[in-house]
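Data file: start_20.cif. Format and content: mmCIF, C-alpha atoms.
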data_target
loop_
_atom_site.label_atom_id
_atom_site.label_comp_id
_atom_site.auth_asym_id
_atom_site.auth_seq_id
_atom_site.Cartn_x
_atom_site.Cartn_y
_atom_site.Cartn_z
CA MET A 1 -113.67 -49.56 61.44
CA PRO A 2 -110.02 -49.54 61.57
CA SER A 3 -108.44 -46.25 60.70
CA LYS A 4 -106.52 -46.01 57.51
CA LYS A 5 -102.93 -45.14 57.97
CA ASN A 6 -101.54 -42.40 55.82
CA LYS A 7 -98.91 -43.72 53.61
CA THR A 8 -96.05 -41.35 52.85
CA ARG A 9 -94.69 -41.43 49.37
CA PRO A 10 -91.12 -40.47 48.66
CA ALA A 11 -90.76 -37.01 47.29
CA THR A 12 -90.03 -36.79 43.62
CA PRO A 13 -88.16 -34.02 41.87
CA ALA A 14 -91.46 -32.79 40.54
CA SER A 15 -93.04 -32.78 43.95
CA ARG A 16 -90.07 -31.02 45.45
CA THR A 17 -90.34 -28.45 42.77
CA ALA A 18 -94.03 -28.04 43.35
CA ALA A 19 -93.66 -27.93 47.09
CA GLY A 20 -90.68 -25.76 47.48
CA GLY A 21 -90.76 -23.84 44.26
CA GLY A 22 -87.03 -24.61 43.70
CA ARG A 23 -85.37 -25.48 40.42
CA PRO A 24 -83.12 -28.41 39.84
CA GLY A 25 -79.38 -27.50 40.00
CA ARG A 26 -77.59 -26.63 36.70
CA LYS A 27 -74.19 -27.88 35.67
CA PRO A 28 -71.47 -25.19 35.89
CA PRO A 29 -70.45 -23.83 32.45
CA PRO A 30 -67.20 -25.21 31.03
CA PRO A 31 -64.16 -22.98 31.62
CA LEU A 32 -63.34 -20.59 28.80
CA PRO A 33 -60.02 -21.38 27.02
CA VAL A 34 -57.36 -18.83 27.92
CA ALA A 35 -54.88 -18.04 25.10
CA LYS A 36 -51.27 -18.44 26.13
CA PRO A 37 -49.10 -15.35 25.51
CA LYS A 38 -46.73 -15.67 22.52
CA PRO A 39 -43.03 -15.88 23.39
CA TRP A 40 -42.11 -12.65 21.63
CA GLY A 41 -38.69 -12.58 23.27
CA LEU A 42 -37.82 -16.01 21.91
CA ILE A 43 -39.14 -15.08 18.48
CA ALA A 44 -37.07 -11.90 18.41
CA LEU A 45 -33.96 -13.76 19.53
CA THR A 46 -34.44 -16.44 16.87
CA LEU A 47 -34.95 -13.80 14.18
CA ALA A 48 -31.82 -11.98 15.28
CA VAL A 49 -29.77 -15.19 15.12
CA VAL A 50 -31.11 -15.96 11.63
CA LEU A 51 -30.33 -12.46 10.37
CA PHE A 52 -26.86 -12.56 11.89
CA ALA A 53 -26.13 -15.92 10.28
CA ALA A 54 -27.40 -14.64 6.92
CA GLY A 55 -25.18 -11.58 7.24
CA VAL A 56 -22.11 -13.66 8.05
CA ILE A 57 -22.75 -16.01 5.13
CA GLY A 58 -23.45 -13.09 2.78
CA TYR A 59 -20.26 -11.30 3.81
CA ALA A 60 -18.23 -14.48 3.38
CA LEU A 61 -19.65 -14.98 -0.11
CA PHE A 62 -18.92 -11.34 -0.93
CA ARG A 63 -15.30 -11.71 0.20
CA VAL A 64 -14.87 -14.90 -1.80
CA ASN A 65 -16.34 -13.20 -4.86
CA GLU A 66 -14.16 -10.14 -4.43
CA SER A 67 -11.01 -12.19 -3.85
CA SER A 68 -11.70 -14.18 -6.99
CA LYS A 69 -11.72 -10.91 -8.93
CA ASP A 70 -8.29 -10.00 -7.56
CA THR A 71 -6.40 -13.09 -8.67
CA PRO A 72 -3.57 -12.65 -11.21
CA GLN A 73 -5.56 -14.60 -13.79
CA ALA A 74 -8.68 -12.50 -13.22
CA ARG A 75 -6.64 -9.31 -13.61
CA ALA A 76 -4.97 -10.64 -16.74
CA ASP A 77 -8.39 -11.46 -18.17
CA ALA A 78 -9.64 -7.99 -17.23
CA ALA A 79 -6.67 -6.39 -18.97
CA ARG A 80 -7.63 -8.07 -22.23
CA GLN A 81 -10.99 -6.31 -22.00
CA ILE A 82 -9.50 -2.80 -21.78
CA GLN A 83 -10.70 -0.89 -24.80
CA GLY A 84 -7.94 -0.34 -27.36
CA ILE A 85 -5.36 -2.65 -25.78
CA THR A 86 -3.01 -4.70 -27.95
CA VAL A 87 -1.97 -8.12 -26.68
CA ILE A 88 0.83 -10.16 -28.28
CA ASP A 89 2.29 -13.41 -27.00
CA TYR A 90 6.07 -12.98 -26.74
CA LYS A 91 8.65 -15.57 -25.78
CA GLY A 92 10.76 -14.51 -22.84
CA GLY A 93 14.40 -15.05 -22.00
CA GLU A 94 15.92 -14.04 -25.35
CA HIS A 95 18.87 -11.70 -24.78
CA ASP A 96 20.86 -9.69 -27.30
CA ASP A 97 23.04 -6.70 -26.47
CA LYS A 98 23.11 -5.47 -30.06
CA PRO A 99 20.60 -2.86 -31.29
CA ILE A 100 17.27 -4.52 -32.03
CA ALA A 101 14.83 -3.41 -34.72
CA TYR A 102 11.49 -3.98 -33.03
CA ASP A 103 8.22 -4.35 -34.89
CA GLN A 104 6.38 -2.24 -32.31
CA SER A 105 7.13 1.29 -31.17
CA PRO A 106 7.54 1.44 -28.27
CA PRO A 107 8.39 -2.27 -28.06
CA PHE A 108 6.71 -4.37 -25.37
CA GLY A 109 8.21 -7.84 -25.74
CA GLY A 110 10.68 -10.00 -27.59
CA LYS A 111 14.48 -9.96 -27.56
CA HIS A 112 16.12 -7.51 -25.21
CA ALA A 113 19.42 -6.50 -23.64
CA ASN A 114 20.99 -8.48 -20.84
CA ALA A 115 20.75 -5.48 -18.53
CA TRP A 116 17.36 -4.16 -17.51
CA ALA A 117 16.49 -0.52 -16.99
CA ASP A 118 15.93 0.39 -13.35
CA CYS A 119 12.18 0.13 -12.74
CA THR A 120 11.84 0.94 -9.06
CA GLY A 121 9.36 3.74 -9.65
CA THR A 122 11.97 5.48 -11.79
CA VAL A 123 11.17 8.73 -13.62
CA TYR A 124 13.61 9.28 -16.48
CA PRO A 125 13.81 12.86 -17.76
CA ASN A 126 15.17 11.72 -21.14
CA PRO A 127 14.40 8.82 -23.51
CA ILE A 128 15.97 5.50 -22.56
CA ARG A 129 17.17 2.55 -24.58
CA SER A 130 14.26 0.29 -25.53
CA GLU A 131 16.33 -2.88 -25.35
CA ASN A 132 16.86 -2.32 -21.64
CA ALA A 133 13.30 -1.18 -21.01
CA VAL A 134 11.88 -4.36 -22.57
CA HIS A 135 13.95 -6.42 -20.16
CA SER A 136 12.27 -4.52 -17.32
CA LEU A 137 8.89 -5.48 -18.74
CA GLU A 138 9.98 -9.10 -18.56
CA HIS A 139 10.41 -8.56 -14.82
CA GLY A 140 6.84 -7.33 -14.38
CA ALA A 141 7.28 -3.59 -14.90
CA VAL A 142 4.87 -1.16 -16.53
CA TRP A 143 6.69 1.35 -18.75
CA ILE A 144 4.82 4.59 -19.43
CA THR A 145 6.06 6.69 -22.32
CA TYR A 146 4.94 10.09 -23.58
CA ARG A 147 5.66 12.57 -26.33
CA PRO A 148 8.30 15.10 -25.34
CA ASP A 149 5.81 17.90 -26.05
CA LEU A 150 3.19 16.55 -23.63
CA PRO A 151 1.93 19.42 -21.43
CA ALA A 152 3.72 19.71 -18.10
CA ASP A 153 0.60 19.08 -16.03
CA GLN A 154 0.02 15.81 -17.90
CA VAL A 155 3.62 14.74 -17.30
CA GLU A 156 3.18 15.58 -13.61
CA THR A 157 0.06 13.39 -13.43
CA LEU A 158 2.02 10.49 -14.90
CA ARG A 159 4.96 11.14 -12.60
CA LYS A 160 2.70 10.82 -9.54
CA LYS A 161 1.55 7.43 -10.76
CA VAL A 162 5.13 6.20 -11.16
CA ASP A 163 7.52 7.92 -8.76
CA GLY A 164 8.61 5.50 -6.03
CA VAL A 165 6.23 2.71 -7.08
CA GLY A 166 7.90 -0.66 -7.61
CA GLN A 167 7.84 -2.16 -11.11
CA MET A 168 7.10 1.22 -12.69
CA MET A 169 9.09 3.57 -14.92
CA LEU A 170 8.37 6.68 -16.97
CA SER A 171 10.25 8.26 -19.85
CA PRO A 172 9.66 10.51 -22.87
CA TYR A 173 9.56 8.74 -26.23
CA PRO A 174 10.10 10.73 -29.42
CA GLY A 175 7.97 9.75 -32.40
CA LEU A 176 5.15 8.32 -30.29
CA LYS A 177 1.96 8.04 -32.34
CA SER A 178 -0.23 9.21 -29.46
CA PRO A 179 0.44 11.55 -26.54
CA ILE A 180 0.91 8.64 -24.10
CA SER A 181 1.43 4.89 -24.26
CA LEU A 182 1.68 2.18 -21.64
CA GLN A 183 3.64 -1.04 -22.00
CA SER A 184 3.85 -4.23 -20.01
CA TRP A 185 5.15 -7.56 -21.28
CA GLY A 186 2.94 -8.49 -24.23
CA HIS A 187 0.49 -5.59 -23.65
CA GLN A 188 0.30 -2.05 -25.00
CA LEU A 189 -2.23 0.78 -24.75
CA PHE A 190 -2.23 4.20 -26.43
CA VAL A 191 -4.18 7.04 -24.79
CA ASP A 192 -4.57 10.77 -25.34
CA SER A 193 -4.66 11.92 -21.72
CA ALA A 194 -3.02 11.07 -18.42
CA SER A 195 -6.46 11.29 -16.78
CA ASP A 196 -7.86 8.49 -18.95
CA ASP A 197 -9.34 5.84 -16.61
CA ARG A 198 -7.69 3.12 -18.67
CA VAL A 199 -4.27 4.24 -17.45
CA GLY A 200 -5.10 3.13 -13.91
CA GLU A 201 -6.79 -0.05 -15.15
CA PHE A 202 -3.70 -1.01 -17.16
CA ILE A 203 -1.41 -0.47 -14.18
CA ASP A 204 -3.66 -2.27 -11.70
CA ASP A 205 -4.18 -5.28 -13.95
CA LEU A 206 -0.67 -5.79 -15.32
CA ARG A 207 1.95 -4.41 -12.96
CA LEU A 208 3.79 -7.37 -11.47
CA ASN A 209 1.14 -9.81 -12.60
CA SER A 210 2.49 -13.35 -12.20
CA VAL A 211 0.35 -14.61 -15.11
CA THR A 212 1.70 -12.12 -17.65
CA THR A 213 5.24 -11.73 -16.28
CA PRO A 214 7.73 -14.24 -17.74
CA GLU A 215 10.24 -13.68 -14.93
CA TYR A 216 7.96 -12.95 -12.01
CA GLY A 217 9.90 -11.99 -8.87
CA ALA A 218 13.03 -10.89 -10.74
CA SER A 219 14.69 -7.68 -9.57
CA CYS A 220 13.88 -4.25 -10.92
CA VAL A 221 16.91 -2.65 -9.29
CA ASN A 222 19.76 -1.39 -11.47
CA PRO A 223 21.43 1.60 -9.81
CA GLU A 224 24.03 1.96 -12.57
CA PHE A 225 21.40 2.33 -15.27
CA LYS A 226 19.42 4.71 -13.06
CA ALA A 227 22.48 6.89 -12.53
CA SER A 228 23.54 6.80 -16.20
CA PRO A 229 20.62 5.72 -18.40
CA LEU A 230 21.53 4.48 -21.85
CA PRO A 231 19.93 6.57 -24.61
CA PRO A 232 18.00 4.98 -27.48
CA ASP A 233 20.06 3.34 -30.23
CA PRO A 234 19.77 5.30 -33.47
CA THR A 235 19.50 1.98 -35.31
CA GLY A 236 16.89 0.63 -32.91
CA SER A 237 13.12 1.04 -32.93
CA ALA A 238 13.04 4.50 -31.37
CA PRO A 239 15.01 7.48 -32.69
CA ALA A 240 17.25 9.28 -30.26
CA SER A 241 15.86 12.53 -28.96
CA PRO A 242 17.90 15.66 -29.74
CA SER A 243 17.53 16.56 -26.07
CA ALA A 244 18.81 13.17 -24.91
CA THR A 245 22.50 13.78 -24.51
CA PRO A 246 24.44 10.57 -23.84
CA PRO A 247 26.19 10.57 -20.48
CA SER A 248 29.82 11.55 -20.61
CA GLY A 249 32.03 8.72 -21.70
CA SER A 250 29.08 6.87 -23.26
CA ALA A 251 27.61 4.86 -20.38
CA PRO A 252 28.80 1.25 -20.21
CA THR A 253 26.36 -1.62 -20.14
CA PRO A 254 25.04 -1.92 -16.58
CA THR A 255 26.23 -4.90 -14.59
CA PRO A 256 22.99 -6.89 -14.01
CA THR A 257 22.87 -9.69 -16.56
CA SER A 258 20.79 -12.42 -14.95
CA GLY A 259 17.18 -12.97 -15.88
#

Could you render the structure as structure tokens?
Amino acid sequence: MPSKKNKTRPATPASRTAAGGGRPGRKPPPPLPVAKPKPWGLIALTLAVVLFAAGVIGYALFRVNESSKDTPQARADAARQIQGITVIDYKGGEHDDKPIAYDQSPPFGGKHANAWADCTGTVYPNPIRSENAVHSLEHGAVWITYRPDLPADQVETLRKKVDGVGQMMLSPYPGLKSPISLQSWGHQLFVDSASDDRVGEFIDDLRLNSVTTPEYGASCVNPEFKASPLPPDPTGSAPASPSATPPSGSAPTPTPTSG
């Protein structure tokens, strides 16, 4: 009988497993995602640039806002808000060398003498002629007046605000209804003390203000009047002070006549 030949069957995965005890190979696990580090340096730089830009813009807006508050019109508007101030619209450029009976005392607008009182930070020890002082107001000056019996320390406080400051003058004024008054063209304020905050506000808002000054830029210099101030006219708005002795020879009208 012919011998049967052994037929060899191909090994299957199951047979290989059974024969060799091995396990089929597993797929490698997928790689874990690795988080990229945040660019903190770039973020910090961007934030710094943004903050810097915001600061620049904010400062620019602040400067614009502040500058808008310092315009002549803004200061004129602020002056109208000062508590107790009187504002009257006066026509400028009306000259008259005769004594003038003003409606206000001290006067702060209207007709006035051709010559202005020196207002270069001038401190007058005696009362001066109102007609000349009003002309100084037309040139942008602030005229501070006070009762002759005002305490010396109060007078000294006023003097420090005036002495040597352009478009400023100070003089006693007999018959004043309050201890102190301030005048600029078309504006007047009465106060009881030289330390009143409104004194500084009045000066800051109205001294040489182009909006309220009819003859802005006109001179305040009059050396002849400064050397020999004219006393108040007895027939004018302010009575002459007994202590105000007219200069010898009765001072002539100072030479400046323009403006």

Applying the PyMOL selection byres ((chain A and resi 229) around 8) to the file I just gave you, which residues come out? Please list them as an mmCIF file with C-alpha atoms, keeping the file's coordinate frame.
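Here's the written file result_28.cif:
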data_model
loop_
_atom_site.group_PDB
_atom_site.id
_atom_site.type_symbol
_atom_site.label_atom_id
_atom_site.label_comp_id
_atom_site.auth_asym_id
_atom_site.auth_seq_id
_atom_site.Cartn_x
_atom_site.Cartn_y
_atom_site.Cartn_z
ATOM 1 C CA ALA A 117 16.490 -0.520 -16.990
ATOM 2 C CA ILE A 128 15.970 5.500 -22.560
ATOM 3 C CA ARG A 129 17.170 2.550 -24.580
ATOM 4 C CA GLU A 224 24.030 1.960 -12.570
ATOM 5 C CA PHE A 225 21.400 2.330 -15.270
ATOM 6 C CA LYS A 226 19.420 4.710 -13.060
ATOM 7 C CA ALA A 227 22.480 6.890 -12.530
ATOM 8 C CA SER A 228 23.540 6.800 -16.200
ATOM 9 C CA LEU A 230 21.530 4.480 -21.850
ATOM 10 C CA PRO A 231 19.930 6.570 -24.610
ATOM 11 C CA PRO A 247 26.190 10.570 -20.480
ATOM 12 C CA ALA A 251 27.610 4.860 -20.380
#

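Distances from A:Pro29, A:Pro223, A:Gly110, A:Gly121 to A:Trp143 were compared using only C-alpha atoms, and the smallest one belongs to A:Gly121.
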
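Of the residues listed (A:Lys27, A:Arg80, A:Arg147, A:Arg159), A:Arg80 shows the shortest atom-to-atom separation from A:His187; distances use all atoms listed in the file.
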
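Checking A:Gln83, A:Thr122, A:Gln73, A:Thr46 one by one against A:Asp197, counting all atoms listed in the file, you find the shortest gap at A:Gln83.
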
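Interatomic distance, atom CA of A:Ala115 to atom CA of A:Gly186: 18.9 Å.
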
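Residues selected in this file by the PyMOL selection byres ((chain A and resi 201-211) around 8) comprise Pro72, Gln73, Arg75, Ala76, Ala78, Ala79, Ile82, His139, Gly140, Ala141, Val142, Gln167, Met168, Leu182, Ser184, Leu189, Asp197, Arg198, Val199, Gly200, Thr212, Thr213, Pro214 and Tyr216 of chain A.
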
Non-local contacts of A:Gly109 (8 Å; all atoms listed in the file; under 2 positions in same chain excluded) as number ranges by chain: A: 90-92, 107, 111-112, 134, 137-138, 185-186

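Matched in the shown structure by the PyMOL selection byres ((chain A and resi 181) around 10): Ser105, Pro106, Trp143, Ile144, Thr145, Tyr146, Arg147, Tyr173, Leu176, Lys177, Ser178, Pro179, Ile180, Leu182, Gln183, Gln188, Leu189, Phe190, Val191, Asp192, Ser193, Ala194 and Val199 of chain A.
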
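With distances taken over all atoms listed in the file, A:Thr120 is the one residue among A:Thr71, A:Asn132, A:Asn126, A:Thr120 lying closest to A:Val162.
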
Would you list the contacts of A:Ala113 as an MDAnalysis selection string, taking every protein, DNA or RNA residue within 6 Å and counting all atoms listed in the file, but skipping same-chain residues closer than 6 positions in sequence? chainID A and resid 95:97 131:132

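Separating atom CA of A:Asp103 from atom CA of A:Ile85 is a distance of 16.4 Å.
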
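Distance annotation: of A:Ile88, A:Val165, A:Ala44, A:Ala218, the residue with the minimal separation from A:Ser136 is A:Ala218; atom set is only C-alpha atoms.
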
Grab the atom CA of A:Asp149 to atom CA of A:Ser195 distance for me, in Å with one decimal place. 16.7 Å

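Here the question is which of A:Thr86, A:Ser171, A:Ser219, A:Gln81 gets nearest to A:Ala133 using only C-alpha atoms, and that residue is A:Ser171.
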